[in-house]
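A.B. asks: Structure file structure-v4.cif (mmCIF, C-alpha atoms) is given on the next line.
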```
data_input
loop_
_atom_site.label_atom_id
_atom_site.label_comp_id
_atom_site.auth_asym_id
_atom_site.auth_seq_id
_atom_site.Cartn_x
_atom_site.Cartn_y
_atom_site.Cartn_z
CA MET H 1 10.82 15.28 -2.77
CA ARG H 2 7.18 15.40 -3.83
CA VAL H 3 4.61 13.10 -2.26
CA THR H 4 1.20 12.60 -3.88
CA PHE H 5 -1.70 10.70 -2.37
CA TRP H 6 -3.50 8.48 -4.89
CA GLY H 7 -5.40 6.40 -2.37
CA THR H 8 -5.84 7.02 1.35
CA ARG H 9 -8.63 4.66 2.35
CA GLY H 10 -8.03 1.54 4.43
CA SER H 11 -9.38 -1.98 4.23
CA LEU H 12 -11.87 -1.48 1.39
CA ALA H 13 -12.46 1.08 -1.34
CA ALA H 14 -15.30 3.42 -0.41
CA ALA H 15 -16.42 5.56 -3.32
CA GLY H 16 -19.48 7.76 -2.99
CA PRO H 17 -20.73 11.24 -2.25
CA ALA H 18 -19.79 10.99 1.43
CA THR H 19 -16.10 10.35 0.69
CA VAL H 20 -15.44 12.78 -2.13
CA ARG H 21 -12.89 14.95 -0.34
CA TYR H 22 -10.76 12.30 1.37
CA GLY H 23 -11.32 9.87 -1.49
CA GLY H 24 -12.42 6.27 -1.74
CA ASN H 25 -9.37 4.50 -3.17
CA THR H 26 -7.20 2.23 -1.05
CA ALA H 27 -3.56 2.85 -0.18
CA CYS H 28 -1.27 4.28 -2.84
CA VAL H 29 1.26 7.11 -2.52
CA ALA H 30 3.67 8.34 -5.19
CA LEU H 31 7.09 9.75 -4.37
CA GLU H 32 9.05 11.78 -6.92
CA ALA H 33 12.58 12.95 -6.26
CA GLN H 34 15.33 14.42 -8.38
CA ASP H 35 17.15 11.85 -10.54
CA ALA H 36 15.24 9.02 -8.83
CA PRO H 37 12.90 6.43 -10.29
CA LEU H 38 9.25 6.93 -9.53
CA VAL H 39 8.57 5.25 -6.20
CA ILE H 40 5.07 4.04 -5.42
CA LEU H 41 4.14 3.07 -1.90
CA ASP H 42 1.54 0.30 -1.97
CA ALA H 43 -0.67 -0.82 -4.81
CA GLY H 44 -4.18 -0.29 -3.54
CA SER H 45 -6.92 0.73 -5.93
CA GLY H 46 -5.40 4.22 -6.17
CA ILE H 47 -2.57 2.86 -8.31
CA ARG H 48 -4.93 2.38 -11.26
CA ALA H 49 -5.32 6.11 -11.91
CA LEU H 50 -1.64 6.73 -11.21
CA GLY H 51 -0.75 4.09 -13.78
CA GLY H 52 -2.73 5.95 -16.38
CA VAL H 53 -0.66 9.07 -15.77
CA VAL H 54 2.78 7.47 -15.64
CA ALA H 55 2.24 5.08 -18.54
CA GLY H 56 3.25 7.90 -20.84
CA VAL H 57 6.38 8.77 -18.86
CA PRO H 58 9.35 6.50 -19.55
CA GLY H 59 11.63 5.26 -16.82
CA ARG H 60 12.00 2.75 -14.07
CA ILE H 61 9.24 2.36 -11.48
CA ASP H 62 9.69 0.91 -8.00
CA VAL H 63 6.61 -0.29 -6.13
CA LEU H 64 7.19 -0.74 -2.39
CA LEU H 65 4.55 -2.96 -0.81
CA THR H 66 4.18 -2.79 2.95
CA HIS H 67 2.35 -6.11 3.06
CA LEU H 68 0.12 -8.30 0.99
CA HIS H 69 -3.31 -7.61 2.43
CA MET H 70 -5.78 -7.08 -0.39
CA ASP H 71 -6.22 -3.33 0.08
CA HIS H 72 -2.50 -2.87 -0.59
CA ILE H 73 -2.16 -5.03 -3.71
CA GLN H 74 -5.58 -5.05 -5.34
CA GLY H 75 -4.63 -2.33 -7.83
CA LEU H 76 -1.55 -4.11 -9.20
CA ARG H 77 -3.46 -5.95 -11.89
CA PHE H 78 -4.81 -2.64 -13.20
CA PHE H 79 -1.47 -0.80 -13.17
CA ALA H 80 -0.92 0.06 -16.84
CA PRO H 81 2.93 0.08 -16.83
CA LEU H 82 2.93 -3.61 -15.91
CA PHE H 83 1.46 -4.29 -19.35
CA GLN H 84 3.96 -2.13 -21.25
CA PRO H 85 6.54 -4.28 -23.08
CA GLY H 86 10.00 -3.84 -21.63
CA ARG H 87 8.92 -1.41 -18.91
CA ASP H 88 11.35 -1.73 -15.99
CA VAL H 89 9.23 -2.32 -12.88
CA HIS H 90 10.61 -3.42 -9.54
CA ILE H 91 8.25 -4.65 -6.85
CA TRP H 92 9.49 -4.86 -3.27
CA GLY H 93 7.66 -6.54 -0.43
CA PRO H 94 8.06 -8.03 3.03
CA PRO H 95 10.32 -11.07 3.31
CA SER H 96 8.92 -14.43 4.31
CA SER H 97 10.69 -17.42 5.77
CA THR H 98 8.69 -19.81 3.60
CA MET H 99 7.93 -18.28 0.19
CA ASP H 100 9.46 -15.60 -2.01
CA LEU H 101 7.47 -12.55 -3.05
CA ARG H 102 6.64 -13.95 -6.49
CA ALA H 103 5.06 -17.06 -5.02
CA ARG H 104 3.03 -15.05 -2.55
CA LEU H 105 1.81 -12.48 -5.10
CA THR H 106 0.96 -15.25 -7.53
CA ARG H 107 -1.68 -16.47 -5.10
CA TYR H 108 -3.56 -13.30 -5.94
CA LEU H 109 -2.46 -12.79 -9.55
CA SER H 110 -3.70 -16.14 -10.80
CA PRO H 111 -7.00 -17.92 -11.47
CA PRO H 112 -9.59 -18.04 -10.06
CA LEU H 113 -8.99 -14.56 -8.59
CA PHE H 114 -7.54 -13.06 -11.78
CA PRO H 115 -7.09 -14.46 -15.29
CA VAL H 116 -3.67 -12.94 -15.96
CA GLY H 117 -0.60 -14.08 -14.03
CA LEU H 118 2.58 -12.16 -13.32
CA GLY H 119 4.33 -14.11 -16.06
CA ASP H 120 1.78 -12.94 -18.61
CA MET H 121 2.49 -9.27 -17.99
CA SER H 122 4.65 -7.86 -20.74
CA SER H 123 6.74 -5.49 -18.64
CA ASP H 124 10.13 -6.44 -17.28
CA VAL H 125 9.14 -7.13 -13.68
CA THR H 126 11.69 -7.83 -10.96
CA LEU H 127 10.51 -8.89 -7.53
CA HIS H 128 12.52 -8.31 -4.38
CA ASP H 129 12.16 -9.34 -0.79
CA ALA H 130 12.93 -5.95 0.76
CA PRO H 131 16.07 -6.13 2.93
CA THR H 132 15.30 -5.58 6.60
CA ASP H 133 18.85 -5.79 7.89
CA GLY H 134 19.84 -2.27 6.83
CA PRO H 135 19.16 0.52 4.34
CA PHE H 136 19.20 -0.14 0.60
CA ARG H 137 19.36 2.17 -2.38
CA ILE H 138 16.93 2.96 -5.15
CA GLY H 139 18.89 5.35 -7.33
CA PRO H 140 19.78 8.32 -5.11
CA LEU H 141 17.19 7.37 -2.49
CA THR H 142 18.11 5.67 0.76
CA VAL H 143 15.32 3.30 1.73
CA THR H 144 14.93 1.60 5.11
CA ALA H 145 12.39 -1.18 5.50
CA SER H 146 11.55 -2.53 8.94
CA LEU H 147 8.94 -4.89 10.29
CA VAL H 148 6.20 -3.19 12.28
CA ILE H 149 3.28 -4.41 14.36
CA HIS H 150 0.45 -5.56 12.08
CA PRO H 151 -0.90 -9.07 11.50
CA GLY H 152 1.42 -10.99 9.18
CA PRO H 153 4.84 -9.76 8.01
CA THR H 154 4.37 -6.04 7.43
CA LEU H 155 6.92 -3.37 6.62
CA GLY H 156 7.10 0.32 7.23
CA TYR H 157 9.36 2.38 4.99
CA ARG H 158 11.62 5.37 5.51
CA ILE H 159 12.86 7.14 2.39
CA ASP H 160 15.50 9.84 2.36
CA ASP H 161 16.63 11.78 -0.71
CA GLY H 162 19.28 13.82 1.11
CA ARG H 163 16.95 16.80 1.48
CA ALA H 164 13.88 15.39 3.15
CA THR H 165 12.66 12.23 4.81
CA LEU H 166 9.34 10.47 4.40
CA ALA H 167 8.17 7.75 6.79
CA TYR H 168 5.31 5.54 5.63
CA LEU H 169 3.50 3.30 8.14
CA PRO H 170 -0.01 2.93 6.76
CA ASP H 171 -1.01 -0.17 8.74
CA HIS H 172 0.45 -0.10 12.21
CA GLU H 173 -0.60 -0.83 15.77
CA PRO H 174 2.24 0.36 18.01
CA ALA H 175 -0.12 0.40 21.00
CA LEU H 176 -0.72 -3.36 20.87
CA GLY H 177 -0.01 -4.77 24.30
CA MET H 178 1.64 -1.53 25.35
CA ARG H 179 1.19 -0.50 28.94
CA GLY H 180 1.33 3.20 29.58
CA THR H 181 2.08 5.75 26.91
CA LEU H 182 4.06 5.34 23.70
CA HIS H 183 7.18 6.99 25.00
CA ASP H 184 10.24 4.74 25.07
CA PRO H 185 11.75 4.59 21.57
CA ARG H 186 13.61 1.37 22.37
CA TRP H 187 10.34 -0.50 22.77
CA LEU H 188 8.19 1.40 20.30
CA SER H 189 7.34 -0.22 16.98
CA GLY H 190 8.14 2.12 14.09
CA ALA H 191 10.32 4.42 16.20
CA GLU H 192 13.43 4.30 14.03
CA LEU H 193 11.43 4.68 10.84
CA ALA H 194 9.59 7.75 12.09
CA ASP H 195 12.49 9.38 13.92
CA GLY H 196 12.67 13.04 12.93
CA ALA H 197 10.82 12.53 9.64
CA ASP H 198 9.63 15.57 7.71
CA LEU H 199 6.40 13.73 6.96
CA LEU H 200 4.98 10.65 8.66
CA ILE H 201 2.09 9.00 6.85
CA HIS H 202 0.46 6.88 9.53
CA ASP H 203 -2.53 4.73 10.24
CA GLY H 204 -5.27 6.65 12.01
CA GLN H 205 -8.20 4.36 11.30
CA TYR H 206 -10.00 4.15 14.62
CA LEU H 207 -11.76 6.22 17.19
CA ASP H 208 -10.81 5.39 20.78
CA VAL H 209 -14.14 3.72 21.40
CA GLU H 210 -13.69 1.52 18.31
CA TYR H 211 -10.14 0.52 19.17
CA GLN H 212 -11.23 -0.99 22.47
CA HIS H 213 -13.11 -3.62 20.46
CA ARG H 214 -10.46 -4.09 17.75
CA VAL H 215 -7.24 -4.57 19.67
CA GLY H 216 -4.94 -6.78 17.64
CA TRP H 217 -6.50 -5.95 14.28
CA GLY H 218 -3.35 -4.04 13.37
CA HIS H 219 -4.48 -0.43 13.33
CA SER H 220 -4.21 2.76 15.34
CA THR H 221 -6.33 5.54 16.66
CA CYS H 222 -5.48 9.09 15.67
CA GLU H 223 -4.24 9.58 19.24
CA HIS H 224 -1.79 6.68 18.88
CA ALA H 225 -0.46 8.20 15.66
CA VAL H 226 -0.03 11.59 17.33
CA ALA H 227 1.74 9.97 20.29
CA LEU H 228 4.19 8.16 18.03
CA ALA H 229 4.82 11.24 15.90
CA THR H 230 5.33 13.41 18.97
CA ALA H 231 7.67 10.93 20.65
CA MET H 232 9.78 10.71 17.51
CA ARG H 233 9.80 14.46 16.82
CA VAL H 234 8.13 14.24 13.44
CA ARG H 235 7.49 17.56 11.69
CA ARG H 236 4.20 16.74 10.01
CA LEU H 237 1.76 13.86 10.46
CA ALA H 238 -0.66 12.77 7.73
CA LEU H 239 -3.40 10.54 9.12
CA PHE H 240 -4.05 7.77 6.64
CA HIS H 241 -5.85 4.46 6.11
CA HIS H 242 -9.22 6.05 6.74
CA ASP H 243 -11.92 3.61 7.78
CA PRO H 244 -14.17 2.76 4.81
CA GLY H 245 -17.21 3.65 6.89
CA ARG H 246 -15.96 7.14 7.71
CA ASP H 247 -17.48 10.06 5.83
CA ASP H 248 -15.70 13.34 5.10
CA VAL H 249 -17.43 15.27 7.86
CA THR H 250 -16.50 12.73 10.53
CA LEU H 251 -12.93 12.60 9.25
CA ASP H 252 -12.70 16.39 9.48
CA ARG H 253 -13.76 16.17 13.11
CA MET H 254 -11.31 13.38 13.95
CA VAL H 255 -8.42 15.25 12.34
CA ALA H 256 -9.33 18.49 14.11
CA GLN H 257 -9.40 16.71 17.48
CA ALA H 258 -6.05 15.06 16.81
CA ALA H 259 -4.53 18.36 15.71
CA ALA H 260 -5.81 20.12 18.82
CA ALA H 261 -4.20 17.50 21.03
CA ALA H 262 -0.83 17.66 19.27
CA GLU H 263 1.93 19.94 20.47
CA GLY H 264 4.76 21.00 18.19
CA LEU H 265 3.41 18.85 15.40
CA GLU H 266 1.39 19.66 12.30
CA VAL H 267 -1.45 17.17 11.85
CA MET H 268 -3.53 16.70 8.73
CA GLY H 269 -5.86 14.11 7.29
CA ALA H 270 -4.48 12.75 4.02
CA PRO H 271 -6.90 13.43 1.17
CA GLU H 272 -6.69 11.66 -2.17
CA GLY H 273 -5.18 13.96 -4.78
CA LEU H 274 -3.08 16.10 -2.45
CA ALA H 275 0.58 16.70 -3.38
CA LEU H 276 3.11 17.83 -0.78
CA ASP H 277 6.58 19.18 -1.46
CA LEU H 278 8.92 18.20 1.34
CA GLY H 279 11.97 20.08 0.13
CA MET R 280 18.22 8.28 12.05
CA SER R 281 18.91 9.89 15.38
CA THR R 282 17.08 7.65 17.83
CA ARG R 283 18.92 8.24 21.09
CA ARG R 284 18.89 4.57 22.00
CA SER R 285 18.27 2.01 19.27
CA GLN R 286 14.86 0.48 18.81
CA GLN R 287 14.65 -3.22 19.58
CA PRO R 288 13.65 -5.59 16.75
CA ILE R 289 9.90 -5.92 16.40
CA GLU R 290 10.03 -9.56 17.46
CA LEU R 291 11.54 -8.54 20.81
CA ILE R 292 9.00 -5.75 21.26
CA LEU R 293 6.18 -8.24 20.74
CA ARG R 294 7.94 -10.80 22.97
CA ARG R 295 8.16 -8.25 25.77
CA GLN R 296 4.55 -7.21 25.34
CA LEU R 297 3.39 -10.82 25.51
CA ALA R 298 5.60 -11.55 28.51
CA SER R 299 4.26 -8.52 30.35
CA TYR R 300 0.78 -10.09 30.27
CA LEU R 301 1.77 -13.63 31.29
CA SER R 302 1.91 -15.01 34.81
CA THR R 303 4.86 -17.29 33.99
CA PRO R 304 8.26 -15.81 34.88
CA ILE R 305 10.08 -14.82 31.69
CA PHE R 306 13.60 -13.44 31.15
CA VAL R 307 14.67 -11.98 27.78
CA VAL R 308 18.23 -11.37 26.54
CA ASP R 309 19.54 -9.89 23.32
CA THR R 310 22.23 -11.36 21.08
CA ASP R 311 24.96 -10.11 23.44
CA ALA R 312 23.19 -11.96 26.25
CA SER R 313 22.41 -8.64 27.91
CA LEU R 314 19.27 -8.82 30.04
CA ILE R 315 16.78 -6.54 28.34
CA PHE R 316 13.58 -7.52 30.12
CA PHE R 317 11.96 -9.73 32.72
CA ASN R 318 8.29 -9.64 33.52
CA GLU R 319 6.47 -8.96 36.77
CA ALA R 320 5.95 -12.67 37.33
CA ALA R 321 9.72 -13.08 37.50
CA ALA R 322 10.11 -10.34 40.07
CA PRO R 323 9.45 -12.54 43.16
CA LEU R 324 12.07 -15.04 41.98
CA LEU R 325 14.64 -12.41 41.11
CA GLY R 326 13.92 -10.15 44.06
CA GLY R 327 13.02 -6.96 42.25
CA ARG R 328 11.12 -5.38 39.39
CA PHE R 329 12.76 -4.88 36.01
CA ASP R 330 11.76 -1.20 36.04
CA GLU R 331 13.84 -0.77 39.17
CA MET R 332 16.90 -2.55 37.77
CA GLU R 333 17.13 -1.63 34.08
CA ALA R 334 19.16 -3.63 31.60
CA MET R 335 22.20 -5.63 32.69
CA SER R 336 25.11 -6.91 30.67
CA ARG R 337 25.79 -10.65 30.48
CA ASP R 338 28.51 -10.42 33.11
CA GLU R 339 26.38 -8.26 35.39
CA TRP R 340 23.43 -10.63 35.57
CA LEU R 341 25.68 -13.66 35.84
CA THR R 342 27.32 -11.97 38.83
CA VAL R 343 24.04 -10.85 40.42
CA PHE R 344 22.17 -14.13 40.02
CA ALA R 345 25.24 -16.36 40.36
CA PRO R 346 23.73 -19.50 38.82
CA ARG R 347 24.98 -22.70 40.45
CA GLU R 348 24.58 -26.41 39.99
CA LEU R 349 22.54 -28.25 42.60
CA ASP R 350 25.80 -29.36 44.23
CA GLY R 351 26.93 -25.74 44.59
CA ARG R 352 29.45 -25.54 41.76
CA PRO R 353 29.11 -22.47 39.51
CA VAL R 354 27.28 -23.25 36.27
CA ASP R 355 29.71 -23.18 33.40
CA PRO R 356 28.51 -20.52 30.90
CA SER R 357 28.25 -23.22 28.24
CA GLY R 358 25.70 -24.95 30.46
CA ASN R 359 23.67 -21.86 31.28
CA PRO R 360 20.35 -22.37 29.49
CA LEU R 361 20.12 -18.84 28.09
CA LEU R 362 23.73 -18.69 26.94
CA ALA R 363 23.56 -22.17 25.48
CA ALA R 364 20.31 -21.34 23.65
CA LEU R 365 22.08 -18.37 22.07
CA THR R 366 25.22 -20.20 21.04
CA GLU R 367 23.69 -23.53 20.04
CA ARG R 368 20.48 -21.95 18.69
CA ARG R 369 18.27 -24.65 20.14
CA GLU R 370 16.15 -25.23 23.22
CA GLN R 371 17.79 -25.86 26.60
CA HIS R 372 16.46 -27.02 29.95
CA ARG R 373 18.20 -27.12 33.36
CA THR R 374 17.53 -27.21 37.07
CA LEU R 375 19.82 -24.78 38.84
CA THR R 376 20.17 -22.54 41.84
CA ILE R 377 20.26 -18.76 41.60
CA ARG R 378 20.69 -15.96 44.06
CA ASP R 379 18.02 -13.26 44.04
CA VAL R 380 18.97 -9.62 44.40
CA SER R 381 18.47 -9.77 48.17
CA GLY R 382 20.97 -12.61 48.38
CA ASP R 383 18.55 -15.50 49.02
CA GLU R 384 19.17 -18.71 47.08
CA ARG R 385 16.39 -20.26 45.01
CA THR R 386 16.26 -23.47 43.02
CA ILE R 387 14.53 -23.07 39.68
CA GLU R 388 13.74 -24.99 36.53
CA ALA R 389 14.60 -22.97 33.40
CA THR R 390 13.76 -23.61 29.77
CA ALA R 391 15.38 -21.35 27.21
CA ILE R 392 14.83 -21.00 23.47
CA PRO R 393 16.57 -18.83 20.89
CA LEU R 394 14.51 -16.09 19.22
CA GLU R 395 14.98 -16.20 15.47
CA GLY R 396 13.38 -13.71 13.11
CA GLN R 397 12.93 -13.68 9.35
CA ALA R 398 15.70 -15.40 7.39
CA GLY R 399 16.88 -17.08 10.58
CA ARG R 400 18.26 -13.85 12.03
CA LEU R 401 19.19 -14.42 15.67
CA LEU R 402 17.58 -11.76 17.86
CA GLY R 403 18.19 -13.06 21.36
CA ALA R 404 16.82 -15.71 23.66
CA VAL R 405 14.05 -16.11 26.16
CA ALA R 406 13.95 -18.21 29.32
CA ILE R 407 10.80 -19.37 31.06
CA PHE R 408 11.35 -20.50 34.62
CA TRP R 409 9.58 -21.51 37.79
CA PRO R 410 10.46 -22.78 41.26
CA ALA R 411 11.81 -26.33 41.11
CA ALA R 412 9.27 -28.91 42.22
CA GLY R 413 9.58 -29.86 45.90
CA ARG R 414 12.19 -27.22 46.69
#
```
Go ahead and express the file in the form of structure tokens.
C.D. replies:
Amino acid sequence: MRVTFWGTRGSLAAAGPATVRYGGNTACVALEAQDAPLVILDAGSGIRALGGVVAGVPGRIDVLLTHLHMDHIQGLRFFAPLFQPGRDVHIWGPPSSTMDLRARLTRYLSPPLFPVGLGDMSSDVTLHDAPTDGPFRIGPLTVTASLVIHPGPTLGYRIDDGRATLAYLPDHEPALGMRGTLHDPRWLSGAELADGADLLIHDGQYLDVEYQHRVGWGHSTCEHAVALATAMRVRRLALFHHDPGRDDVTLDRMVAQAAAAAEGLEVMGAPEGLALDLG
Amino acid sequence: MSTRRSQQPIELILRRQLASYLSTPIFVVDTDASLIFFNEAAAPLLGGRFDEMEAMSRDEWLTVFAPRELDGRPVDPSGNPLLAALTERREQHRTLTIRDVSGDERTIEATAIPLEGQAGRLLGAVAIFWPAAGR
């Protein structure tokens, strides 16, 4: 399984000289596995460049959306394969009790926000409410989608190819309302998704001092991410969803502090462009 | 996944977190009617803290709290607000007598509602209760 970061920023794209190393594009991660369709986690602005690369590679593409906040879908309309006639694209997203995924995405992919609707895209697009009552299959991959703590219906994903396991929780606030430490897996949001994962990609947007003023906004500190990863015996943690106001130097410092506090866990800050082989 | 004990649904995690901050006594059961949480506000009525008791099966908490009608007859399970909320999947309200863990009897008002998640998935039920007026 190979995981490539195409966008690691949270909330808003943040291009500029201060964010060159960690990147300025919003959430998008590609997952390649043997005999599996290309799986793309979230469609932030990073998906535009990825689309340019994969447009020339035939085959099915599955886009797994964690939720429909703008920083996770804003790149969809610039994803080249969606405009390729006959291209088999499946888009999965969180279920809703009131509207299907097509109706909810159409709010964004329609005038006045965008001139081209989903129906005008020439690819063969299939939309799915991701099942949350048990694992489902995408080719040889076993995918588990579960609701996690973040404002509005939001999924985390766990993907297993039989050799390695990736857990992806880019927008997640497991500490919301929690008293004490994040230690009891029965009452810990995201616990089953993260359990024993080879790589956990997790929200690490805030500093402690910032979180105190942003409780309920749906995000974590690096310390929260480390606590979850440690409790669930994750092998490697990639801090993700970097605050748009955070420059590379500050991110280096935050990651170093988180790594120093972690025991038995490899901690890194996810930079745009990095590819990791998980086995 | 090898989680030693299964993670609760996110709706129950949030329900517990909310309950832990409220001053109204709250009692949460899962779909098997097992008691999975009550908050600190419920402790004086039930005679102990949840942390000291841990989870109880349906039969265990029915035995411990022994809910009774005001005339002393045992409450039929079909009339227990929490059990009825689970089976009928709608709100329930009753005045009844319970026994706290120290054996003292208390008369309470209880309102129970089912907890339904996405696609109508039943996750459990929650009861809010308080001492009955004038008792």
A.B. asks: For the file shown, report as a PyMOL selection string the outcome of the PyMOL selection byres ((chain R) within 10 of (chain H)) at residue level.
C.D. replies: chain R and resi 280-293+295-300+396-400
A.B. asks: List the residues matched by the PyMOL selection byres ((chain R and resi 372) around 7) in the displayed structure as a PyMOL selection string, ordered by chain and then by residue number.
C.D. replies: chain R and resi 360+370-371+373+389-391
A.B. asks: Between R:Asp309, R:Val380, R:Leu301, R:Pro393, which residue has the minimum interatomic distance to Met332 in chain R, considering all atoms listed in the file?
C.D. replies: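 Comparing R:Asp309, R:Val380, R:Leu301, R:Pro393 against Met332 in chain R, the winner is R:Val380.
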A.B. asks: For the PyMOL selection byres ((chain R and resi 378) around 12), applied here, can you spell out every residue it catches as a CSV table (one decimal) with C-alpha atoms, in the coordinates of the input?
C.D. replies:
```csv
chain,number,residue,atom,x,y,z
R,323,PRO,CA,9.4,-12.5,43.2
R,324,LEU,CA,12.1,-15.0,42.0
R,325,LEU,CA,14.6,-12.4,41.1
R,326,GLY,CA,13.9,-10.2,44.1
R,327,GLY,CA,13.0,-7.0,42.2
R,340,TRP,CA,23.4,-10.6,35.6
R,341,LEU,CA,25.7,-13.7,35.8
R,342,THR,CA,27.3,-12.0,38.8
R,343,VAL,CA,24.0,-10.8,40.4
R,344,PHE,CA,22.2,-14.1,40.0
R,345,ALA,CA,25.2,-16.4,40.4
R,346,PRO,CA,23.7,-19.5,38.8
R,347,ARG,CA,25.0,-22.7,40.4
R,348,GLU,CA,24.6,-26.4,40.0
R,351,GLY,CA,26.9,-25.7,44.6
R,353,PRO,CA,29.1,-22.5,39.5
R,375,LEU,CA,19.8,-24.8,38.8
R,376,THR,CA,20.2,-22.5,41.8
R,377,ILE,CA,20.3,-18.8,41.6
R,379,ASP,CA,18.0,-13.3,44.0
R,380,VAL,CA,19.0,-9.6,44.4
R,381,SER,CA,18.5,-9.8,48.2
R,382,GLY,CA,21.0,-12.6,48.4
R,383,ASP,CA,18.6,-15.5,49.0
R,384,GLU,CA,19.2,-18.7,47.1
R,385,ARG,CA,16.4,-20.3,45.0
R,386,THR,CA,16.3,-23.5,43.0
R,387,ILE,CA,14.5,-23.1,39.7
```
A.B. asks: Counting only C-alpha atoms, write as a list of chain:residue names all protein and nucleic acid residues lying at most 12 Å from (20.1, 3.9, -6.2) in the file's frame.
C.D. replies: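 Selection result: H:Ala33, H:Gln34, H:Asp35, H:Ala36, H:Pro37, H:Leu38, H:Val39, H:Arg60, H:Asp62, H:Pro135, H:Phe136, H:Arg137, H:Ile138, H:Gly139, H:Pro140, H:Leu141, H:Thr142, H:Val143, H:Ile159, H:Asp160, H:Asp161.
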A.B. asks: Rank R:Arg352, R:Val405, R:Thr366, R:Leu394 by their smallest atom-to-atom distance to Val308 in chain R, using all atoms listed in the file, and report the top residue only.
C.D. replies: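 Among the listed residues, R:Val405 lies closest to Val308 in chain R.
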A.B. asks: CA of Glu223 in chain H and CA of Ser45 in chain H are how many Å apart?
C.D. replies: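 Result for CA of Glu223 in chain H versus CA of Ser45 in chain H: 26.8 Å, one decimal.
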A.B. asks: Here is a test: counting all atoms listed in the file, which residue of H:Asp129, H:Glu32, H:Asp100, H:Asp252 is nearest to Ala164 in chain H?
C.D. replies: H:Glu32
A.B. asks: Skip Thr310 in chain R itself and residues of its chain fewer than 6 positions away, then list as a count of residues only all residues within 7 Å of it, counting all atoms listed in the file.
C.D. replies: 3
A.B. asks: For range 18-26 of chain H, take all atoms listed in the file, fit an axis-aligned box around them, add 5 Å to each of the six sides, then output centre and edge lengths in Å rounded to one decimal, as AutoDock Vina command-line options.
C.D. replies:
```
--center_x -13.5 --center_y 8.6 --center_z -0.9 --size_x 22.6 --size_y 22.7 --size_z 14.6
```
A.B. asks: As a ChimeraX atom specification, please: the residues near Val53 in chain H (cut-off 12 Å, all atoms listed in the file, same-chain neighbours under 5 positions excluded).
C.D. replies: /H:6,30,38,46-48,58,79-81
A.B. asks: Taking the point (-3.3, 13.8, 9.7) as given in the file, collect each protein or nucleic acid residue that comes within 8 Å of it, counting all atoms listed in the file, and present the set as a VMD selection string.
C.D. replies: chain H and resid 201 to 202 204 222 237 to 240 255 258 to 259 266 to 270
A.B. asks: How about saving the chosen residues, C-alpha atoms kept, as a PDB file, in the coordinates of the input?
C.D. replies:
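Written out: out.pdb:
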```
ATOM      1  CA  ILE H 201       2.090   9.000   6.850  1.00  0.00           C
ATOM      2  CA  HIS H 202       0.460   6.880   9.530  1.00  0.00           C
ATOM      3  CA  GLY H 204      -5.270   6.650  12.010  1.00  0.00           C
ATOM      4  CA  CYS H 222      -5.480   9.090  15.670  1.00  0.00           C
ATOM      5  CA  LEU H 237       1.760  13.860  10.460  1.00  0.00           C
ATOM      6  CA  ALA H 238      -0.660  12.770   7.730  1.00  0.00           C
ATOM      7  CA  LEU H 239      -3.400  10.540   9.120  1.00  0.00           C
ATOM      8  CA  PHE H 240      -4.050   7.770   6.640  1.00  0.00           C
ATOM      9  CA  VAL H 255      -8.420  15.250  12.340  1.00  0.00           C
ATOM     10  CA  ALA H 258      -6.050  15.060  16.810  1.00  0.00           C
ATOM     11  CA  ALA H 259      -4.530  18.360  15.710  1.00  0.00           C
ATOM     12  CA  GLU H 266       1.390  19.660  12.300  1.00  0.00           C
ATOM     13  CA  VAL H 267      -1.450  17.170  11.850  1.00  0.00           C
ATOM     14  CA  MET H 268      -3.530  16.700   8.730  1.00  0.00           C
ATOM     15  CA  GLY H 269      -5.860  14.110   7.290  1.00  0.00           C
ATOM     16  CA  ALA H 270      -4.480  12.750   4.020  1.00  0.00           C
TER      17      ALA H 270
END
```
A.B. asks: For a test of reading the model, state the distance in Å between CA of Leu169 in chain H and CA of Tyr206 in chain H, rounded to one decimal.
C.D. replies: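 These two atoms are separated by 15.0 Å.
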A.B. asks: R:Glu333, R:Val307, R:Arg369, R:Arg294: which is nearest Ala406 in chain R, counting all atoms listed in the file?
C.D. replies: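 Looking at the shortest contact to Ala406 in chain R, the residue is R:Val307.
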A.B. asks: Please measure the separation of CA of His241 in chain H and CA of Arg102 in chain H, giving the value in Å to one decimal.
C.D. replies: 25.6 Å
